[in-house]
file work-v1.txt (compact mmCIF, C-alpha atoms and all ligand atoms)
# COMPACT_ATOMS: atom_id res chain seq x y z
CA MET A 55 122.22 127.19 177.13
CA MET A 56 125.84 126.69 176.31
CA PRO A 57 126.50 124.02 173.69
CA ASN A 58 128.58 121.08 174.83
CA ALA A 59 132.29 121.70 174.81
CA ALA A 60 134.45 119.98 172.26
CA ALA A 61 135.82 116.88 173.94
CA PRO A 62 139.07 117.92 175.55
CA ALA A 63 142.17 116.23 174.25
CA THR A 64 144.31 114.40 176.78
CA GLU A 65 144.85 116.47 179.88
CA GLY A 66 148.32 117.66 180.67
CA SER A 67 151.09 119.53 178.98
CA ASP A 68 150.57 117.98 175.53
CA ARG A 69 146.96 119.08 175.36
CA SER A 70 146.52 121.23 172.25
CA VAL A 71 143.68 123.14 173.93
CA PRO A 72 144.89 124.77 177.15
CA LEU A 73 143.13 123.56 180.29
CA HIS A 74 143.51 127.01 181.86
CA VAL A 75 143.50 130.31 179.96
CA ALA A 76 144.09 133.57 181.85
CA ILE A 77 143.43 136.94 180.23
CA ILE A 78 144.61 140.48 180.89
CA MET A 79 141.70 142.37 179.33
CA ASP A 80 143.59 145.51 178.32
CA GLY A 81 142.75 148.39 176.01
CA ASN A 82 139.19 149.39 176.95
CA GLY A 83 140.21 153.03 177.37
CA ARG A 84 142.11 153.19 174.09
CA TRP A 85 139.26 151.46 172.27
CA ALA A 86 136.91 154.20 173.54
CA ALA A 87 139.33 157.08 172.88
CA ALA A 88 139.80 155.94 169.27
CA ARG A 89 136.04 156.35 168.80
CA GLY A 90 135.65 159.61 170.71
CA LEU A 91 133.70 157.78 173.43
CA PRO A 92 134.06 158.01 177.22
CA ARG A 93 136.32 155.41 178.87
CA ALA A 94 133.26 154.02 180.67
CA GLU A 95 131.85 152.97 177.30
CA GLY A 96 135.05 151.04 176.61
CA HIS A 97 134.65 149.16 179.90
CA ARG A 98 130.96 148.51 179.15
CA ARG A 99 131.89 147.04 175.77
CA GLY A 100 134.59 145.10 177.61
CA VAL A 101 131.90 143.30 179.57
CA ASP A 102 130.19 142.37 176.26
CA ALA A 103 133.51 140.91 175.11
CA LEU A 104 133.78 139.01 178.38
CA ARG A 105 130.36 137.37 177.81
CA ARG A 106 131.45 136.28 174.30
CA VAL A 107 134.74 134.93 175.53
CA VAL A 108 133.26 132.93 178.43
CA ARG A 109 131.00 131.16 175.94
CA ALA A 110 133.80 130.69 173.39
CA ALA A 111 136.22 129.33 176.01
CA HIS A 112 133.72 126.67 176.98
CA GLU A 113 132.96 125.79 173.35
CA LEU A 114 136.67 125.35 172.67
CA GLY A 115 137.19 122.98 175.62
CA VAL A 116 138.88 125.32 178.12
CA LEU A 117 138.05 124.31 181.70
CA TYR A 118 139.42 127.31 183.61
CA LEU A 119 139.20 130.92 182.47
CA THR A 120 140.79 133.56 184.70
CA ILE A 121 140.12 137.23 183.98
CA PHE A 122 141.91 140.25 185.44
CA SER A 123 138.98 142.56 186.21
CA PHE A 124 140.39 144.95 188.80
CA SER A 125 143.99 145.08 189.92
CA SER A 126 145.31 146.19 193.31
CA GLU A 127 146.95 149.05 191.40
CA ASN A 128 143.71 150.19 189.69
CA TRP A 129 142.87 152.13 192.91
CA SER A 130 145.16 154.86 191.54
CA ARG A 131 142.62 155.64 188.79
CA PRO A 132 140.16 158.55 189.18
CA ALA A 133 137.31 157.81 191.61
CA THR A 134 134.72 158.11 188.83
CA GLU A 135 136.41 155.37 186.81
CA ILE A 136 136.73 153.13 189.87
CA GLY A 137 133.00 153.72 190.45
CA ASP A 138 132.28 152.73 186.82
CA LEU A 139 134.28 149.50 187.13
CA PHE A 140 132.59 148.56 190.41
CA GLY A 141 129.19 149.40 188.87
CA LEU A 142 129.95 147.07 185.95
CA LEU A 143 130.92 144.25 188.31
CA ARG A 144 127.66 144.73 190.26
CA ARG A 145 125.62 144.70 187.05
CA PHE A 146 127.55 141.75 185.63
CA ILE A 147 126.82 139.63 188.67
CA ARG A 148 123.18 140.78 189.01
CA ASN A 149 122.37 140.34 185.30
CA ASP A 150 124.54 137.40 184.28
CA LEU A 151 124.80 135.17 187.34
CA ALA A 152 121.59 133.21 186.63
CA THR A 153 122.70 132.50 183.05
CA LEU A 154 126.23 131.56 184.11
CA HIS A 155 124.73 129.21 186.69
CA SER A 156 122.30 127.54 184.26
CA ASP A 157 125.20 127.16 181.81
CA GLY A 158 127.12 125.19 184.44
CA VAL A 159 129.77 127.86 185.08
CA ARG A 160 131.43 127.90 188.48
CA VAL A 161 132.47 131.39 189.57
CA ARG A 162 135.54 131.77 191.78
CA VAL A 163 137.04 135.02 192.99
CA ILE A 164 140.68 135.68 193.84
CA GLY A 165 142.11 138.86 195.36
CA GLU A 166 141.68 140.89 198.54
CA ARG A 167 138.15 141.19 199.90
CA GLU A 168 139.27 143.60 202.62
CA GLY A 169 138.67 147.20 201.58
CA LEU A 170 135.83 146.33 199.21
CA GLU A 171 132.36 147.71 199.85
CA PRO A 172 130.18 145.22 201.77
CA ASP A 173 127.61 144.86 198.97
CA ILE A 174 130.39 143.89 196.52
CA CYS A 175 131.65 141.25 198.99
CA THR A 176 128.10 139.93 199.36
CA LEU A 177 127.64 139.67 195.58
CA LEU A 178 131.00 137.91 195.14
CA ASN A 179 130.15 135.45 197.94
CA GLU A 180 126.69 134.81 196.47
CA ALA A 181 128.17 134.11 193.04
CA GLU A 182 130.66 131.62 194.50
CA GLU A 183 128.08 129.96 196.73
CA LEU A 184 125.36 129.60 194.07
CA THR A 185 127.69 128.09 191.47
CA LYS A 186 129.99 125.99 193.67
CA ALA A 187 128.77 122.62 192.35
CA ASN A 188 129.06 123.56 188.65
CA THR A 189 131.69 121.83 186.57
CA LYS A 190 131.45 122.94 182.91
CA LEU A 191 133.75 125.96 183.13
CA ASN A 192 135.50 127.63 186.05
CA LEU A 193 135.37 131.40 185.67
CA VAL A 194 138.01 132.81 188.01
CA VAL A 195 137.51 136.53 188.55
CA ALA A 196 140.65 138.31 189.75
CA PHE A 197 139.18 141.30 191.54
CA ASN A 198 141.21 143.67 193.72
CA TYR A 199 143.98 141.24 192.85
CA GLY A 200 147.75 141.67 192.75
CA SER A 201 150.24 138.84 192.54
CA ARG A 202 152.77 140.39 194.94
CA GLN A 203 149.99 140.97 197.48
CA GLU A 204 148.83 137.35 197.05
CA ILE A 205 152.37 136.00 197.62
CA ALA A 206 152.91 138.33 200.59
CA GLY A 207 149.63 137.10 202.10
CA ALA A 208 150.76 133.48 201.70
CA ALA A 209 154.13 134.32 203.33
CA GLN A 210 152.31 136.03 206.20
CA ARG A 211 150.08 133.01 206.88
CA LEU A 212 153.10 130.70 206.84
CA ALA A 213 155.08 133.04 209.12
CA ARG A 214 152.18 133.05 211.58
CA GLU A 215 152.21 129.25 211.71
CA VAL A 216 155.97 129.30 212.33
CA ALA A 217 155.56 131.93 215.10
CA GLU A 218 152.85 129.80 216.72
CA GLY A 219 155.21 126.83 216.68
CA LYS A 220 152.97 124.90 214.28
CA ARG A 221 155.48 124.75 211.44
CA ASP A 222 159.21 124.15 210.98
CA PRO A 223 160.66 126.82 208.62
CA ALA A 224 162.73 124.09 206.95
CA SER A 225 159.47 122.45 205.81
CA ILE A 226 158.62 125.43 203.58
CA ASP A 227 159.34 124.85 199.92
CA ALA A 228 157.77 126.17 196.69
CA ASP A 229 154.92 123.63 196.86
CA THR A 230 154.12 124.67 200.42
CA LEU A 231 153.96 128.34 199.53
CA GLY A 232 151.85 127.54 196.47
CA ARG A 233 149.28 125.89 198.72
CA TYR A 234 148.84 129.17 200.65
CA LEU A 235 147.91 131.23 197.58
CA ASP A 236 144.30 132.30 196.94
CA ALA A 237 143.13 129.28 194.91
CA PRO A 238 145.66 126.47 195.31
CA ASP A 239 143.36 123.84 193.78
CA ILE A 240 143.25 125.64 190.42
CA PRO A 241 145.94 124.44 187.98
CA ASP A 242 148.49 127.01 186.79
CA PRO A 243 147.49 128.81 183.59
CA ASP A 244 148.76 127.08 180.45
CA LEU A 245 148.17 130.19 178.36
CA ILE A 246 148.12 133.85 179.38
CA ILE A 247 146.73 136.29 176.83
CA ARG A 248 147.14 140.06 177.04
CA THR A 249 145.24 142.25 174.62
CA SER A 250 146.07 145.74 173.31
CA GLY A 251 149.72 145.11 172.45
CA GLU A 252 151.27 145.76 175.87
CA LEU A 253 154.05 143.29 176.72
CA ARG A 254 153.80 142.95 180.51
CA LEU A 255 152.27 140.78 183.22
CA SER A 256 151.38 143.80 185.41
CA ASN A 257 151.33 141.87 188.71
CA PHE A 258 149.00 139.17 187.35
CA LEU A 259 149.50 135.51 188.41
CA MET A 260 153.29 135.92 188.55
CA TRP A 261 153.81 132.82 190.70
CA GLN A 262 151.42 130.70 188.64
CA ALA A 263 152.88 131.97 185.32
CA ALA A 264 156.25 130.25 185.82
CA TYR A 265 155.69 127.96 182.81
CA SER A 266 152.71 129.60 181.13
CA GLU A 267 152.88 130.38 177.44
CA LEU A 268 152.37 134.11 176.90
CA VAL A 269 150.49 135.41 173.86
CA PHE A 270 150.18 139.14 173.25
CA VAL A 271 147.58 140.27 170.77
CA PRO A 272 147.44 143.76 169.25
CA ILE A 273 143.66 144.22 169.40
CA HIS A 274 141.87 146.04 172.22
CA TRP A 275 139.78 143.99 174.62
CA PRO A 276 136.32 145.17 173.42
CA ASP A 277 137.18 143.75 169.96
CA PHE A 278 138.31 140.36 171.31
CA ASP A 279 136.08 137.50 170.16
CA LYS A 280 135.97 133.76 169.57
CA ALA A 281 138.16 134.00 166.45
CA ALA A 282 140.80 135.92 168.42
CA LEU A 283 140.70 133.31 171.18
CA GLU A 284 141.00 130.50 168.64
CA SER A 285 143.98 132.19 167.06
CA ALA A 286 145.70 132.64 170.47
CA ILE A 287 145.05 128.96 171.21
CA ALA A 288 146.48 128.00 167.80
CA GLU A 289 149.63 129.99 168.65
CA TYR A 290 149.77 128.15 172.00
CA ALA A 291 149.46 124.78 170.22
CA ARG A 292 152.50 125.65 168.07
CA ARG A 293 154.68 126.25 171.12
CA GLU A 294 156.79 123.51 172.60
CA ARG A 295 156.46 123.40 176.37
CA ARG A 296 159.56 122.04 178.03
CA PHE A 297 159.03 122.97 181.70
CA GLY A 298 162.78 123.34 182.11
CA GLY A 299 163.47 119.96 180.50
CA LEU A 300 164.73 119.06 177.03
CA ALA A 301 162.99 119.27 173.68
CA ALA A 302 160.83 116.16 173.21
CA LYS A 303 161.76 115.49 169.57
CA THR A 304 165.50 116.21 169.51
CA GLY A 305 166.49 115.64 173.11
CA SER A 306 168.57 118.81 172.73
C1 LIG B 1 141.96 147.56 181.00
O1 LIG B 1 141.62 148.59 180.12
C2 LIG B 1 140.81 147.01 181.67
C3 LIG B 1 140.51 147.16 182.99
C4 LIG B 1 141.29 147.98 183.93
C5 LIG B 1 139.37 146.52 183.58
C6 LIG B 1 138.78 145.37 182.83
C7 LIG B 1 137.36 145.38 183.11
C8 LIG B 1 136.38 144.95 182.30
C9 LIG B 1 136.56 144.30 181.00
C10 LIG B 1 134.99 145.16 182.71
C11 LIG B 1 134.71 144.80 184.11
C12 LIG B 1 134.76 143.34 184.41
C13 LIG B 1 133.79 142.70 185.06
C14 LIG B 1 133.92 141.26 185.46
C15 LIG B 1 132.55 143.37 185.38
P1 LIG B 1 142.28 150.01 180.38
O2 LIG B 1 141.25 150.86 181.02
O3 LIG B 1 143.54 149.88 181.15
O4 LIG B 1 142.54 150.45 178.92
P2 LIG B 1 143.68 151.46 178.42
O5 LIG B 1 145.00 150.86 178.79
O6 LIG B 1 143.44 151.51 176.95
O7 LIG B 1 143.42 152.77 179.11

call {"tool": "encode", "arguments": {"input": "work-v1.txt", "output": "structure tokens", "more": "lines below"}}
Ligand code: FPP
result
Amino acid sequence: MMPNAAAPATEGSDRSVPLHVAIIMDGNGRWAAARGLPRAEGHRRGVDALRRVVRAAHELGVLYLTIFSFSSENWSRPATEIGDLFGLLRRFIRNDLATLHSDGVRVRVIGEREGLEPDICTLLNEAEELTKANTKLNLVVAFNYGSRQEIAGAAQRLAREVAEGKRDPASIDADTLGRYLDAPDIPDPDLIIRTSGELRLSNFLMWQAAYSELVFVPIHWPDFDKAALESAIAEYARRERRFGGLAAKTGS
């Protein structure tokens, strides 16, 4: 069982623990190469890191954890590696779903389901269905996900409503479009972490990241642990979030 989370501080922008942490789990391949191991071993150790970080996020009082597990652009990798990543997702859901459920974790999935093998879609649906009443931690799995594709999908649904005469184009503002994204009820990430030293968003949550704090850490994902998460959260707590306004203390 997961221990109880530390009581969250006040919710909102002044919360020292982010309500929503999103992670680009980068560097599995380099972690493996540095040890003379196959890339698949890096991904396998990446799943071990994921288990640690889900537990740590809950212990630290995070309520939403989004992970970038397979991007729309990852289809350009060799078929064997794509097979490895899909195999890991299958095993992760088959082996870990019961534990996640008994720990009170709600699993949500964002990204395109079209084009995925039917058994993967079934597993993703089962995970969402089984855990839908859980409230301790929301684990949002971005799978076959790309931010541009998500925004284009939202624009397409809105355009259809306009074409059908159900919507006035003048009624469409940023809030409207936001409600047509994959998981509009999930708050925007307060903190986005990318491991392995790369300084990019790589088509991850670009709409939702408008006011996220970005923390880039030099270690590869398989080495990421609770201490690394705590240190990223400490960095977040030192930042002053202004959301386009003025500094709270100086008014300047
Ligand atoms: C980036 O490392 C990582 C990925 C493309 C996939 C992340 C996947 C996992 C951690 C495991 C699968 C997840 C689940 C939920 C089963 P990279 O391969 O781009 O590393 P590199 O840049 O060093 O080559």

call {"tool": "closest_atom_pairs", "arguments": {"input": "work-v1.txt", "of": "region 135-236 of chain A", "to": "region 77-97 of chain A", "cutoff": "10 Å", "atoms": "only C-alpha atoms", "output": "tab-separated table"}}
result
residue	atom	partner	partner_atom	distance
A:Glu135	CA	A:Ala94	CA	7.0
A:Ile136	CA	A:Ala94	CA	9.9
A:Gly137	CA	A:Ala94	CA	9.8
A:Asp138	CA	A:Ala94	CA	6.4
A:Leu139	CA	A:His97	CA	7.2
A:Leu142	CA	A:His97	CA	7.9
A:Ala196	CA	A:Ile78	CA	9.9

call {"tool": "atom_distance", "arguments": {"input": "work-v1.txt", "atom1": "CA of Asn192 (chain A)", "atom2": "CA of Arg109 (chain A)"}}
result
11.6 Å

call {"tool": "closest_residue", "arguments": {"input": "work-v1.txt", "among": "A:Ala237, A:Ile273, A:Ala217, A:Leu191", "to": "ligand LIG 1 (chain B)", "atoms": "all atoms listed in the file"}}
result
A:Ile273

call {"tool": "atom_distance", "arguments": {"input": "work-v1.txt", "atom1": "atom C11 of ligand LIG 1 (chain B)", "atom2": "CA of Ser130 (chain A)"}}
result
16.3 Å

call {"tool": "residues_around", "arguments": {"input": "work-v1.txt", "residues": "Gly165 (chain A)", "least_positions_apart": "2", "cutoff": "6 Å", "atoms": "all atoms listed in the file", "output": "list in words"}}
result
Ala196, Phe197, Asn198 and Tyr199 of chain A

call {"tool": "closest_residue", "arguments": {"input": "work-v1.txt", "among": "A:Arg167, A:Val159, A:Trp275, A:Ala208", "to": "ligand LIG 1 (chain B)", "atoms": "all atoms listed in the file"}}
result
A:Trp275

call {"tool": "closest_residue", "arguments": {"input": "work-v1.txt", "among": "A:Thr134, A:Gln262, A:Asn188, A:Ser250", "to": "ligand LIG 1 (chain B)", "atoms": "all atoms listed in the file"}}
result
A:Ser250
